[in-house]
$ cat start12.cif   # mmCIF, C-alpha atoms (C1' of nucleotides)
data_start
loop_
_atom_site.group_PDB
_atom_site.id
_atom_site.type_symbol
_atom_site.label_atom_id
_atom_site.label_comp_id
_atom_site.auth_asym_id
_atom_site.auth_seq_id
_atom_site.Cartn_x
_atom_site.Cartn_y
_atom_site.Cartn_z
ATOM 1 C CA MET A 1260 0.000 0.000 0.000
ATOM 2 C CA PRO A 1261 1.239 3.518 -0.683
ATOM 3 C CA ASP A 1262 0.423 5.684 2.287
ATOM 4 C CA THR A 1263 -2.819 7.602 3.105
ATOM 5 C CA ALA A 1264 -2.277 6.717 6.752
ATOM 6 C CA HIS A 1265 0.910 8.568 7.615
ATOM 7 C CA ASP A 1266 0.479 10.649 4.507
ATOM 8 C CA PHE A 1267 2.258 13.931 5.078
ATOM 9 C CA VAL A 1268 -0.266 16.356 3.793
ATOM 10 C CA ILE A 1269 -3.544 14.881 2.519
ATOM 11 C CA ALA A 1270 -1.958 14.820 -0.911
ATOM 12 C CA LEU A 1271 -2.280 17.970 -2.892
ATOM 13 C CA PRO A 1272 -4.630 16.713 -5.614
ATOM 14 C CA HIS A 1273 -7.062 15.571 -2.951
ATOM 15 C CA ARG A 1274 -6.869 18.884 -1.174
ATOM 16 C CA GLU A 1275 -7.452 20.759 -4.389
ATOM 17 C CA LEU A 1276 -10.378 18.577 -5.313
ATOM 18 C CA LEU A 1277 -12.030 19.049 -1.954
ATOM 19 C CA ASP A 1278 -11.623 22.788 -2.302
ATOM 20 C CA GLN A 1279 -13.496 22.653 -5.557
ATOM 21 C CA ILE A 1280 -16.428 20.500 -4.546
ATOM 22 C CA LEU A 1281 -16.868 21.298 -0.881
ATOM 23 C CA ASP A 1282 -16.851 25.021 -1.348
ATOM 24 C CA LYS A 1283 -19.523 27.424 -0.257
ATOM 25 C CA TRP A 1284 -22.254 26.577 -2.765
ATOM 26 C CA SER A 1285 -21.413 23.258 -4.376
ATOM 27 C CA LEU A 1286 -23.195 21.102 -1.846
ATOM 28 C CA SER A 1287 -26.390 23.098 -2.083
ATOM 29 C CA VAL A 1288 -26.290 22.978 -5.847
ATOM 30 C CA MET A 1289 -25.672 19.248 -6.030
ATOM 31 C CA ASN A 1290 -28.297 18.715 -3.405
ATOM 32 C CA GLU A 1291 -30.820 20.416 -5.648
ATOM 33 C CA LEU A 1292 -29.715 18.665 -8.794
ATOM 34 C CA CYS A 1293 -29.905 15.312 -7.082
ATOM 35 C CA GLU A 1294 -33.642 15.727 -6.959
ATOM 36 C CA ARG A 1295 -34.205 16.830 -10.508
ATOM 37 C CA PRO A 1296 -32.472 18.576 -13.379
ATOM 38 C CA CYS A 1297 -32.788 22.324 -13.094
ATOM 39 C CA ARG A 1298 -32.662 25.407 -15.204
ATOM 40 C CA PHE A 1299 -30.296 28.166 -14.216
ATOM 41 C CA ASN A 1300 -32.812 30.538 -12.746
ATOM 42 C CA GLU A 1301 -34.600 27.663 -11.150
ATOM 43 C CA LEU A 1302 -31.453 26.984 -9.188
ATOM 44 C CA ARG A 1303 -31.150 30.607 -8.231
ATOM 45 C CA ARG A 1304 -34.601 30.513 -6.730
ATOM 46 C CA SER A 1305 -33.859 27.291 -4.886
ATOM 47 C CA ILE A 1306 -30.779 28.804 -3.330
ATOM 48 C CA PRO A 1307 -31.815 32.386 -2.730
ATOM 49 C CA ALA A 1308 -28.571 33.503 -1.149
ATOM 50 C CA VAL A 1309 -26.359 32.695 -4.088
ATOM 51 C CA THR A 1310 -25.523 35.411 -6.581
ATOM 52 C CA GLN A 1311 -25.637 34.832 -10.290
ATOM 53 C CA LYS A 1312 -21.882 35.114 -10.538
ATOM 54 C CA SER A 1313 -21.172 32.584 -7.830
ATOM 55 C CA LEU A 1314 -23.736 30.197 -9.190
ATOM 56 C CA THR A 1315 -22.219 30.344 -12.635
ATOM 57 C CA ALA A 1316 -18.759 29.762 -11.244
ATOM 58 C CA THR A 1317 -19.953 26.893 -9.091
ATOM 59 C CA LEU A 1318 -21.702 25.197 -11.984
ATOM 60 C CA ARG A 1319 -18.657 25.572 -14.215
ATOM 61 C CA ARG A 1320 -16.397 24.061 -11.594
ATOM 62 C CA LEU A 1321 -18.743 21.165 -10.974
ATOM 63 C CA GLU A 1322 -19.094 20.621 -14.677
ATOM 64 C CA ARG A 1323 -15.357 20.632 -15.160
ATOM 65 C CA ASN A 1324 -14.937 18.019 -12.464
ATOM 66 C CA GLY A 1325 -17.598 15.869 -14.054
ATOM 67 C CA LEU A 1326 -20.122 16.046 -11.230
ATOM 68 C CA VAL A 1327 -22.673 18.102 -13.079
ATOM 69 C CA GLU A 1328 -23.728 18.101 -16.692
ATOM 70 C CA ARG A 1329 -24.743 21.129 -18.681
ATOM 71 C CA ARG A 1330 -27.363 20.358 -21.289
ATOM 72 C CA LEU A 1331 -28.135 22.778 -24.021
ATOM 73 C CA LEU A 1332 -31.800 22.407 -24.860
ATOM 74 C CA THR A 1333 -32.303 23.230 -28.507
ATOM 75 C CA SER A 1334 -35.570 24.961 -28.132
ATOM 76 C CA ARG A 1335 -36.663 28.468 -28.951
ATOM 77 C CA PRO A 1336 -35.385 30.443 -27.233
ATOM 78 C CA VAL A 1337 -32.432 28.289 -26.287
ATOM 79 C CA ALA A 1338 -32.551 26.981 -22.766
ATOM 80 C CA VAL A 1339 -30.023 25.364 -20.508
ATOM 81 C CA GLU A 1340 -30.500 22.589 -18.066
ATOM 82 C CA TYR A 1341 -28.168 21.312 -15.407
ATOM 83 C CA ALA A 1342 -28.220 17.753 -14.166
ATOM 84 C CA ILE A 1343 -26.258 15.605 -11.792
ATOM 85 C CA THR A 1344 -24.017 13.019 -13.428
ATOM 86 C CA PRO A 1345 -23.567 9.403 -12.343
ATOM 87 C CA LEU A 1346 -20.246 10.451 -10.840
ATOM 88 C CA GLY A 1347 -21.994 13.252 -9.040
ATOM 89 C CA LYS A 1348 -24.433 10.831 -7.549
ATOM 90 C CA THR A 1349 -21.661 8.738 -6.063
ATOM 91 C CA PHE A 1350 -20.589 11.794 -4.137
ATOM 92 C CA ARG A 1351 -23.822 11.938 -2.232
ATOM 93 C CA ALA A 1352 -23.004 9.171 0.198
ATOM 94 C CA PRO A 1353 -19.753 10.673 1.525
ATOM 95 C CA VAL A 1354 -21.455 14.003 1.937
ATOM 96 C CA GLU A 1355 -24.312 12.507 3.858
ATOM 97 C CA VAL A 1356 -21.859 10.805 6.183
ATOM 98 C CA LEU A 1357 -20.303 14.178 6.745
ATOM 99 C CA LEU A 1358 -23.588 15.949 7.404
ATOM 100 C CA THR A 1359 -24.793 13.191 9.653
ATOM 101 C CA TRP A 1360 -21.644 13.572 11.683
ATOM 102 C CA ALA A 1361 -22.117 17.318 11.853
ATOM 103 C CA ASP A 1362 -25.706 16.891 12.928
ATOM 104 C CA ALA A 1363 -24.861 14.402 15.628
ATOM 105 C CA HIS A 1364 -22.046 16.410 17.174
ATOM 106 C CA MET A 1365 -23.296 19.934 16.718
ATOM 107 C CA PRO A 1366 -24.396 20.326 20.351
ATOM 108 C CA GLU A 1367 -21.060 19.077 21.613
ATOM 109 C CA ILE A 1368 -19.271 21.446 19.271
ATOM 110 C CA GLN A 1369 -21.432 24.353 20.254
ATOM 111 C CA GLN A 1370 -20.640 23.742 23.867
ATOM 112 C CA ALA A 1371 -16.925 23.566 23.125
ATOM 113 C CA ARG A 1372 -17.230 26.923 21.411
ATOM 114 C CA ASP A 1373 -19.050 28.478 24.322
ATOM 115 C CA THR A 1374 -16.487 27.194 26.776
ATOM 116 C CA PHE A 1375 -13.633 28.418 24.625
ATOM 117 C CA ASP A 1376 -15.153 31.848 24.148
ATOM 118 C CA ASP A 1377 -15.902 32.183 27.850
ATOM 119 C CA GLU A 1378 -12.373 31.308 28.804
ATOM 120 C CA SER A 1379 -10.999 33.816 26.362
ATOM 121 C CA LEU A 1380 -13.065 36.497 28.025
ATOM 122 C CA GLY A 1381 -12.572 35.254 31.542
ATOM 123 C CA LEU A 1382 -8.860 35.853 31.387
ATOM 124 C CA MET B 237 -37.202 12.711 9.881
ATOM 125 C CA PRO B 238 -37.046 16.483 9.487
ATOM 126 C CA ASP B 239 -35.672 17.287 6.077
ATOM 127 C CA THR B 240 -32.053 17.088 4.817
ATOM 128 C CA ALA B 241 -33.527 15.858 1.551
ATOM 129 C CA HIS B 242 -35.281 18.947 0.249
ATOM 130 C CA ASP B 243 -33.332 21.117 2.649
ATOM 131 C CA PHE B 244 -32.898 24.478 0.969
ATOM 132 C CA VAL B 245 -29.313 25.265 1.707
ATOM 133 C CA ILE B 246 -27.316 22.746 3.768
ATOM 134 C CA ALA B 247 -28.273 24.726 6.876
ATOM 135 C CA LEU B 248 -26.025 27.586 7.737
ATOM 136 C CA PRO B 249 -24.509 26.201 10.955
ATOM 137 C CA HIS B 250 -23.449 23.088 9.094
ATOM 138 C CA ARG B 251 -21.935 25.109 6.316
ATOM 139 C CA GLU B 252 -20.049 27.263 8.769
ATOM 140 C CA LEU B 253 -18.764 24.256 10.656
ATOM 141 C CA LEU B 254 -17.518 22.578 7.512
ATOM 142 C CA ASP B 255 -15.712 25.758 6.573
ATOM 143 C CA GLN B 256 -13.882 25.664 9.867
ATOM 144 C CA ILE B 257 -12.806 22.043 9.927
ATOM 145 C CA LEU B 258 -12.405 21.198 6.258
ATOM 146 C CA ASP B 259 -10.272 24.193 5.475
ATOM 147 C CA LYS B 260 -6.853 24.123 3.919
ATOM 148 C CA TRP B 261 -4.816 22.775 6.834
ATOM 149 C CA SER B 262 -7.194 21.255 9.351
ATOM 150 C CA LEU B 263 -7.235 17.795 7.872
ATOM 151 C CA SER B 264 -3.470 17.564 7.750
ATOM 152 C CA VAL B 265 -3.202 18.764 11.322
ATOM 153 C CA MET B 266 -5.803 16.350 12.641
ATOM 154 C CA ASN B 267 -4.247 13.598 10.620
ATOM 155 C CA GLU B 268 -0.977 14.173 12.423
ATOM 156 C CA LEU B 269 -2.520 14.508 15.838
ATOM 157 C CA CYS B 270 -4.458 11.310 15.346
ATOM 158 C CA GLU B 271 -1.189 9.450 15.468
ATOM 159 C CA ARG B 272 0.311 11.114 18.489
ATOM 160 C CA PRO B 273 0.205 14.365 20.445
ATOM 161 C CA CYS B 274 2.541 16.933 18.965
ATOM 162 C CA ARG B 275 4.416 20.015 19.925
ATOM 163 C CA PHE B 276 3.913 23.141 17.878
ATOM 164 C CA ASN B 277 7.152 23.010 15.965
ATOM 165 C CA GLU B 278 6.830 19.312 15.581
ATOM 166 C CA LEU B 279 3.642 19.948 13.660
ATOM 167 C CA ARG B 280 5.332 22.559 11.530
ATOM 168 C CA ARG B 281 7.940 20.046 10.508
ATOM 169 C CA SER B 282 5.323 17.427 9.751
ATOM 170 C CA ILE B 283 3.485 19.805 7.479
ATOM 171 C CA PRO B 284 6.267 21.723 5.828
ATOM 172 C CA ALA B 285 4.074 23.901 3.649
ATOM 173 C CA VAL B 286 2.142 25.497 6.462
ATOM 174 C CA THR B 287 3.279 28.836 7.796
ATOM 175 C CA GLN B 288 3.466 29.512 11.488
ATOM 176 C CA LYS B 289 0.614 31.946 11.285
ATOM 177 C CA SER B 290 -1.726 29.588 9.498
ATOM 178 C CA LEU B 291 -0.829 26.757 11.814
ATOM 179 C CA THR B 292 -1.611 28.859 14.857
ATOM 180 C CA ALA B 293 -4.927 29.928 13.383
ATOM 181 C CA THR B 294 -5.819 26.370 12.432
ATOM 182 C CA LEU B 295 -5.015 25.038 15.885
ATOM 183 C CA ARG B 296 -7.050 27.767 17.558
ATOM 184 C CA ARG B 297 -10.035 27.040 15.357
ATOM 185 C CA LEU B 298 -9.838 23.334 15.962
ATOM 186 C CA GLU B 299 -9.439 23.929 19.662
ATOM 187 C CA ARG B 300 -12.434 26.220 19.723
ATOM 188 C CA ASN B 301 -14.549 23.604 18.022
ATOM 189 C CA GLY B 302 -13.417 20.987 20.494
ATOM 190 C CA LEU B 303 -11.564 18.769 18.045
ATOM 191 C CA VAL B 304 -8.111 19.478 19.362
ATOM 192 C CA GLU B 305 -6.855 20.068 22.865
ATOM 193 C CA ARG B 306 -4.068 22.434 23.830
ATOM 194 C CA ARG B 307 -2.076 21.211 26.781
ATOM 195 C CA LEU B 308 0.238 23.509 28.633
ATOM 196 C CA LEU B 309 3.112 21.397 29.903
ATOM 197 C CA THR B 310 4.400 22.938 33.106
ATOM 198 C CA SER B 311 8.034 22.276 32.483
ATOM 199 C CA ARG B 312 11.009 24.565 32.185
ATOM 200 C CA PRO B 313 10.883 26.195 29.794
ATOM 201 C CA VAL B 314 7.131 25.955 29.331
ATOM 202 C CA ALA B 315 6.092 23.742 26.478
ATOM 203 C CA VAL B 316 2.822 23.215 24.664
ATOM 204 C CA GLU B 317 1.384 20.048 23.346
ATOM 205 C CA TYR B 318 -1.545 19.549 21.023
ATOM 206 C CA ALA B 319 -3.651 16.424 21.041
ATOM 207 C CA ILE B 320 -6.726 15.141 19.314
ATOM 208 C CA THR B 321 -9.843 15.005 21.500
ATOM 209 C CA PRO B 322 -12.376 12.165 21.634
ATOM 210 C CA LEU B 323 -14.666 14.349 19.544
ATOM 211 C CA GLY B 324 -11.849 14.878 17.109
ATOM 212 C CA LYS B 325 -11.402 11.170 16.765
ATOM 213 C CA THR B 326 -15.022 10.701 15.773
ATOM 214 C CA PHE B 327 -14.378 12.982 12.854
ATOM 215 C CA ARG B 328 -11.862 10.628 11.360
ATOM 216 C CA ALA B 329 -14.368 8.203 9.926
ATOM 217 C CA PRO B 330 -16.323 10.733 7.833
ATOM 218 C CA VAL B 331 -13.075 12.166 6.525
ATOM 219 C CA GLU B 332 -11.799 8.776 5.520
ATOM 220 C CA VAL B 333 -15.013 8.122 3.645
ATOM 221 C CA LEU B 334 -14.425 11.374 1.836
ATOM 222 C CA LEU B 335 -10.817 10.637 0.990
ATOM 223 C CA THR B 336 -11.631 7.122 -0.082
ATOM 224 C CA TRP B 337 -14.189 8.517 -2.444
ATOM 225 C CA ALA B 338 -11.697 11.033 -3.785
ATOM 226 C CA ASP B 339 -9.112 8.332 -4.264
ATOM 227 C CA ALA B 340 -11.500 6.031 -6.064
ATOM 228 C CA HIS B 341 -12.811 8.627 -8.472
ATOM 229 C CA MET B 342 -9.749 10.742 -9.077
ATOM 230 C CA PRO B 343 -8.990 9.198 -12.477
ATOM 231 C CA GLU B 344 -12.550 9.735 -13.628
ATOM 232 C CA ILE B 345 -12.441 13.307 -12.401
ATOM 233 C CA GLN B 346 -9.117 13.966 -14.034
ATOM 234 C CA GLN B 347 -10.487 12.763 -17.304
ATOM 235 C CA ALA B 348 -13.539 14.962 -16.976
ATOM 236 C CA ARG B 349 -11.223 17.914 -16.432
ATOM 237 C CA ASP B 350 -9.139 17.081 -19.462
ATOM 238 C CA THR B 351 -12.205 16.743 -21.632
ATOM 239 C CA PHE B 352 -13.634 19.996 -20.339
ATOM 240 C CA ASP B 353 -10.394 21.889 -20.844
ATOM 241 C CA ASP B 354 -9.975 20.500 -24.332
ATOM 242 C CA GLU B 355 -13.464 21.524 -25.332
ATOM 243 C CA SER B 356 -12.899 25.000 -24.012
ATOM 244 C CA LEU B 357 -9.884 25.320 -26.238
ATOM 245 C CA GLY B 358 -11.338 23.477 -29.183
ATOM 246 C CA LEU B 359 -14.082 26.002 -29.614
ATOM 247 C "C1'" DC C 843 -33.404 33.233 -20.004
ATOM 248 C "C1'" DA C 844 -28.596 32.536 -19.088
ATOM 249 C "C1'" DG C 845 -25.155 34.410 -18.610
ATOM 250 C "C1'" DA C 846 -20.469 37.818 -19.275
ATOM 251 C "C1'" DA C 847 -18.037 41.870 -17.674
ATOM 252 C "C1'" DT C 848 -16.784 45.161 -14.314
ATOM 253 C "C1'" DC C 849 -15.998 47.158 -9.876
ATOM 254 C "C1'" DC C 850 -14.996 46.657 -5.193
ATOM 255 C "C1'" DG C 851 -14.703 45.335 -0.301
ATOM 256 C "C1'" DT C 852 -13.554 41.496 2.826
ATOM 257 C "C1'" DT C 853 -10.982 37.769 3.883
ATOM 258 C "C1'" DA C 854 -7.173 34.377 3.512
ATOM 259 C "C1'" DC C 855 -2.634 33.691 3.267
ATOM 260 C "C1'" DG C 856 2.435 34.147 3.067
ATOM 261 C "C1'" DA C 857 6.617 36.609 4.395
ATOM 262 C "C1'" DT C 858 9.026 38.959 7.759
ATOM 263 C "C1'" DA C 859 10.277 40.726 12.143
ATOM 264 C "C1'" DC C 860 9.912 40.635 17.014
ATOM 265 C "C1'" DT C 861 8.915 38.594 22.024
ATOM 266 C "C1'" DG C 862 8.709 35.990 26.728
ATOM 267 C "C1'" DC D 313 10.019 26.968 21.956
ATOM 268 C "C1'" DA D 314 5.664 28.973 20.900
ATOM 269 C "C1'" DG D 315 3.973 32.185 19.622
ATOM 270 C "C1'" DT D 316 2.275 37.767 18.459
ATOM 271 C "C1'" DA D 317 2.339 41.751 15.363
ATOM 272 C "C1'" DT D 318 2.553 43.912 10.969
ATOM 273 C "C1'" DC D 319 2.490 44.250 6.145
ATOM 274 C "C1'" DG D 320 1.412 43.247 1.442
ATOM 275 C "C1'" DT D 321 -0.771 40.393 -1.983
ATOM 276 C "C1'" DA D 322 -4.161 37.581 -4.035
ATOM 277 C "C1'" DA D 323 -8.332 35.118 -4.175
ATOM 278 C "C1'" DC D 324 -13.290 35.107 -3.076
ATOM 279 C "C1'" DG D 325 -17.610 36.713 -3.223
ATOM 280 C "C1'" DG D 326 -21.270 40.298 -3.657
ATOM 281 C "C1'" DA D 327 -23.479 44.175 -6.234
ATOM 282 C "C1'" DT D 328 -24.357 46.130 -10.501
ATOM 283 C "C1'" DT D 329 -24.600 46.676 -15.377
ATOM 284 C "C1'" DC D 330 -24.866 44.870 -19.963
ATOM 285 C "C1'" DT D 331 -25.938 41.255 -23.750
ATOM 286 C "C1'" DG D 332 -27.588 37.649 -27.396
#

$ encode --input "start12.cif" --output "structure tokens"
Amino acid sequence: MPDTAHDFVIALPHRELLDQILDKWSLSVMNELCERPCRFNELRRSIPAVTQKSLTATLRRLERNGLVERRLLTSRPVAVEYAITPLGKTFRAPVEVLLTWADAHMPEIQQARDTFDDESLGL
Amino acid sequence: MPDTAHDFVIALPHRELLDQILDKWSLSVMNELCERPCRFNELRRSIPAVTQKSLTATLRRLERNGLVERRLLTSRPVAVEYAITPLGKTFRAPVEVLLTWADAHMPEIQQARDTFDDESLGL
DNA sequence: CAGAATCCGTTACGATACTG
DNA sequence: CAGTATCGTAACGGATTCTG
């Protein structure tokens, strides 16, 4: 086996990949697309806080990494549809594990934060 | 069950938490501390690319969230030791799932990138 | 409708110097 | 040894305007 265990630094390609698909909006976008293909403005409405610019960038990144597919609908006027890819679907499980963990330990974490913040002040 | 499925936006506290513990250096740091408690400069050597400033910030964040513990060793001169907490240990599993996924699909992803980049040029 | 282009402020980060 | 303080840069993201 190569390493992964005592791996010095999470391996740069991994780190870079995570940066691209765990960023601010990617999870929300993929979450939406996992339910159904969506038009651009449909996505905007589903994720009200995202700006058009960020959404575009997010979709491009996800498309480049093969997690999302951009379909040009040859209608009149031309429309665009985004859909999750098979690869994208395989990413759901790891993410759910992550969110489940977050959910389960959020109270514990919140308490750690409170304690930490109190101590910082208390000094 | 509440939602998570048609959840609009990954829930802000979750998003914020992920930002704090999946950031650039946190995984490498926790990876190291999972093997043994470490001194500050020991960590720096283990993760050569991290600057002192970023390492300090990362450790503080992880400490605040209860994933890492800062132990003041009352020796002469005073030393500091960082260790993973029980909570921190529970985070290992989700991360491994994530990295395993990344490992398994990296070739596929790399090919998607190549294709995408080629098409961008080809036009 | 689905963006591209521009401007602009905040934040992240690295490099460097200094401290108890 | 384990930081803090300061500075400069660069990337990120939001707001706004424009376009086929």

$ residues_near_point --input "start12.cif" --point "(-18.0, 8.5, 5.1)" --cutoff "12 Å" --atoms "all atoms listed in the file" --output "list in words"
Thr1349, Phe1350, Arg1351, Ala1352, Pro1353, Val1354, Glu1355, Val1356, Leu1357, Leu1358, Thr1359, Trp1360 and Ala1361 of chain A; Thr326, Phe327, Arg328, Ala329, Pro330, Val331, Glu332, Val333, Leu334, Leu335, Thr336, Trp337 and Ala338 of chain B

$ interface_residues --input "start12.cif" --of "chain D" --to "chain A" --cutoff "12 Å" --atoms "only C-alpha atoms (C1' of nucleotides)" --output "PDB file with C-alpha atoms (C1' of nucleotides), in the frame of the given file"
ATOM      1  C1'  DC D 324     -13.290  35.107  -3.076  1.00  0.00           C
ATOM      2  C1'  DG D 325     -17.610  36.713  -3.223  1.00  0.00           C
ATOM      3  C1'  DG D 326     -21.270  40.298  -3.657  1.00  0.00           C
ATOM      4  C1'  DA D 327     -23.479  44.175  -6.234  1.00  0.00           C
ATOM      5  C1'  DT D 328     -24.357  46.130 -10.501  1.00  0.00           C
ATOM      6  C1'  DG D 332     -27.588  37.649 -27.396  1.00  0.00           C
TER       7       DG D 332
END

$ calpha_fit_rmsd --input "start12.cif" --fixed "chain B" --moving "chain A"
0.3 Å

$ resolve_selection --input "start12.cif" --expression "the PyMOL selection byres ((chain C) within 12 of (chain B))" --output "number ranges by chain"
C: 854-858, 862

$ residues_around --input "start12.cif" --residues "DT329 (chain D)" --least-positions-apart "4" --cutoff "12 Å" --atoms "all atoms listed in the file" --output "ChimeraX atom specification"
/C:846-849

$ interface_residues --input "start12.cif" --of "chain B" --to "chain A" --cutoff "6 Å" --atoms "all atoms listed in the file" --output "mmCIF file with C-alpha atoms, in the frame of the given file"
data_model
loop_
_atom_site.group_PDB
_atom_site.id
_atom_site.type_symbol
_atom_site.label_atom_id
_atom_site.label_comp_id
_atom_site.auth_asym_id
_atom_site.auth_seq_id
_atom_site.Cartn_x
_atom_site.Cartn_y
_atom_site.Cartn_z
ATOM 1 C CA VAL B 245 -29.313 25.265 1.707
ATOM 2 C CA ILE B 246 -27.316 22.746 3.768
ATOM 3 C CA SER B 264 -3.470 17.564 7.750
ATOM 4 C CA ARG B 300 -12.434 26.220 19.723
ATOM 5 C CA ASN B 301 -14.549 23.604 18.022
ATOM 6 C CA GLY B 302 -13.417 20.987 20.494
ATOM 7 C CA PRO B 330 -16.323 10.733 7.833
ATOM 8 C CA VAL B 333 -15.013 8.122 3.645
ATOM 9 C CA LEU B 334 -14.425 11.374 1.836
ATOM 10 C CA ILE B 345 -12.441 13.307 -12.401
ATOM 11 C CA ALA B 348 -13.539 14.962 -16.976
ATOM 12 C CA ARG B 349 -11.223 17.914 -16.432
ATOM 13 C CA PHE B 352 -13.634 19.996 -20.339
#

$ atom_distance --input "start12.cif" --atom1 "CA of Val1327 (chain A)" --atom2 "CA of Gly1347 (chain A)"
6.3 Å

$ atom_distance --input "start12.cif" --atom1 "C1' of DC843 (chain C)" --atom2 "CA of Ala1338 (chain A)"
6.9 Å

$ atom_distance --input "start12.cif" --atom1 "CA of Asn1300 (chain A)" --atom2 "CA of Val1339 (chain A)"
9.7 Å

$ axis_aligned_box --input "start12.cif" --around "region 323-329 of chain D" --padding-each-side "5 Å" --output "lines of an AutoDock Vina configuration file"
center_x = -16.5
center_y = 40.9
center_z = -9.2
size_x = 26.3
size_y = 21.6
size_z = 22.3

$ residues_near_point --input "start12.cif" --point "(-23.4, 20.3, -15.9)" --cutoff "7 Å" --atoms "only C-alpha atoms (C1' of nucleotides)" --output "list in words"
Leu1318, Leu1321, Glu1322, Val1327, Glu1328, Arg1329, Arg1330, Tyr1341, Ala1342 and Ile1343 of chain A

$ resolve_selection --input "start12.cif" --expression "the PyMOL selection byres ((chain C and resi 861) around 12)" --output "VMD selection string"
(chain C and resid 859 to 860 862) or (chain D and resid 313 to 317)

$ build_atoms --input "start12.cif" --residues "region 1311-1325 of chain A" --atoms "N, CA and C atoms" --output "mmCIF file, keeping the file's coordinate frame"
data_model
loop_
_atom_site.group_PDB
_atom_site.id
_atom_site.type_symbol
_atom_site.label_atom_id
_atom_site.label_comp_id
_atom_site.auth_asym_id
_atom_site.auth_seq_id
_atom_site.Cartn_x
_atom_site.Cartn_y
_atom_site.Cartn_z
ATOM 1 N N GLN A 1311 -25.732 35.417 -8.951
ATOM 2 C CA GLN A 1311 -25.637 34.832 -10.290
ATOM 3 C C GLN A 1311 -24.186 34.469 -10.610
ATOM 4 N N LYS A 1312 -23.301 35.344 -10.250
ATOM 5 C CA LYS A 1312 -21.882 35.114 -10.538
ATOM 6 C C LYS A 1312 -21.372 33.850 -9.855
ATOM 7 N N SER A 1313 -21.655 33.741 -8.574
ATOM 8 C CA SER A 1313 -21.172 32.584 -7.830
ATOM 9 C C SER A 1313 -21.805 31.302 -8.331
ATOM 10 N N LEU A 1314 -23.064 31.393 -8.684
ATOM 11 C CA LEU A 1314 -23.736 30.197 -9.190
ATOM 12 C C LEU A 1314 -23.115 29.742 -10.502
ATOM 13 N N THR A 1315 -22.885 30.684 -11.375
ATOM 14 C CA THR A 1315 -22.219 30.344 -12.635
ATOM 15 C C THR A 1315 -20.875 29.681 -12.376
ATOM 16 N N ALA A 1316 -20.091 30.301 -11.530
ATOM 17 C CA ALA A 1316 -18.759 29.762 -11.244
ATOM 18 C C ALA A 1316 -18.859 28.361 -10.653
ATOM 19 N N THR A 1317 -19.788 28.199 -9.732
ATOM 20 C CA THR A 1317 -19.953 26.893 -9.091
ATOM 21 C C THR A 1317 -20.321 25.828 -10.114
ATOM 22 N N LEU A 1318 -21.266 26.154 -10.972
ATOM 23 C CA LEU A 1318 -21.702 25.197 -11.984
ATOM 24 C C LEU A 1318 -20.559 24.845 -12.935
ATOM 25 N N ARG A 1319 -19.792 25.838 -13.328
ATOM 26 C CA ARG A 1319 -18.657 25.572 -14.215
ATOM 27 C C ARG A 1319 -17.663 24.626 -13.556
ATOM 28 N N ARG A 1320 -17.356 24.900 -12.315
ATOM 29 C CA ARG A 1320 -16.397 24.061 -11.594
ATOM 30 C C ARG A 1320 -16.906 22.638 -11.491
ATOM 31 N N LEU A 1321 -18.177 22.502 -11.121
ATOM 32 C CA LEU A 1321 -18.743 21.165 -10.974
ATOM 33 C C LEU A 1321 -18.786 20.451 -12.319
ATOM 34 N N GLU A 1322 -19.064 21.214 -13.346
ATOM 35 C CA GLU A 1322 -19.094 20.621 -14.677
ATOM 36 C C GLU A 1322 -17.694 20.152 -15.069
ATOM 37 N N ARG A 1323 -16.742 20.984 -14.820
ATOM 38 C CA ARG A 1323 -15.357 20.632 -15.160
ATOM 39 C C ARG A 1323 -14.902 19.371 -14.449
ATOM 40 N N ASN A 1324 -15.333 19.202 -13.222
ATOM 41 C CA ASN A 1324 -14.937 18.019 -12.464
ATOM 42 C C ASN A 1324 -15.838 16.815 -12.731
ATOM 43 N N GLY A 1325 -16.785 17.007 -13.634
ATOM 44 C CA GLY A 1325 -17.598 15.869 -14.054
ATOM 45 C C GLY A 1325 -18.721 15.489 -13.105
#
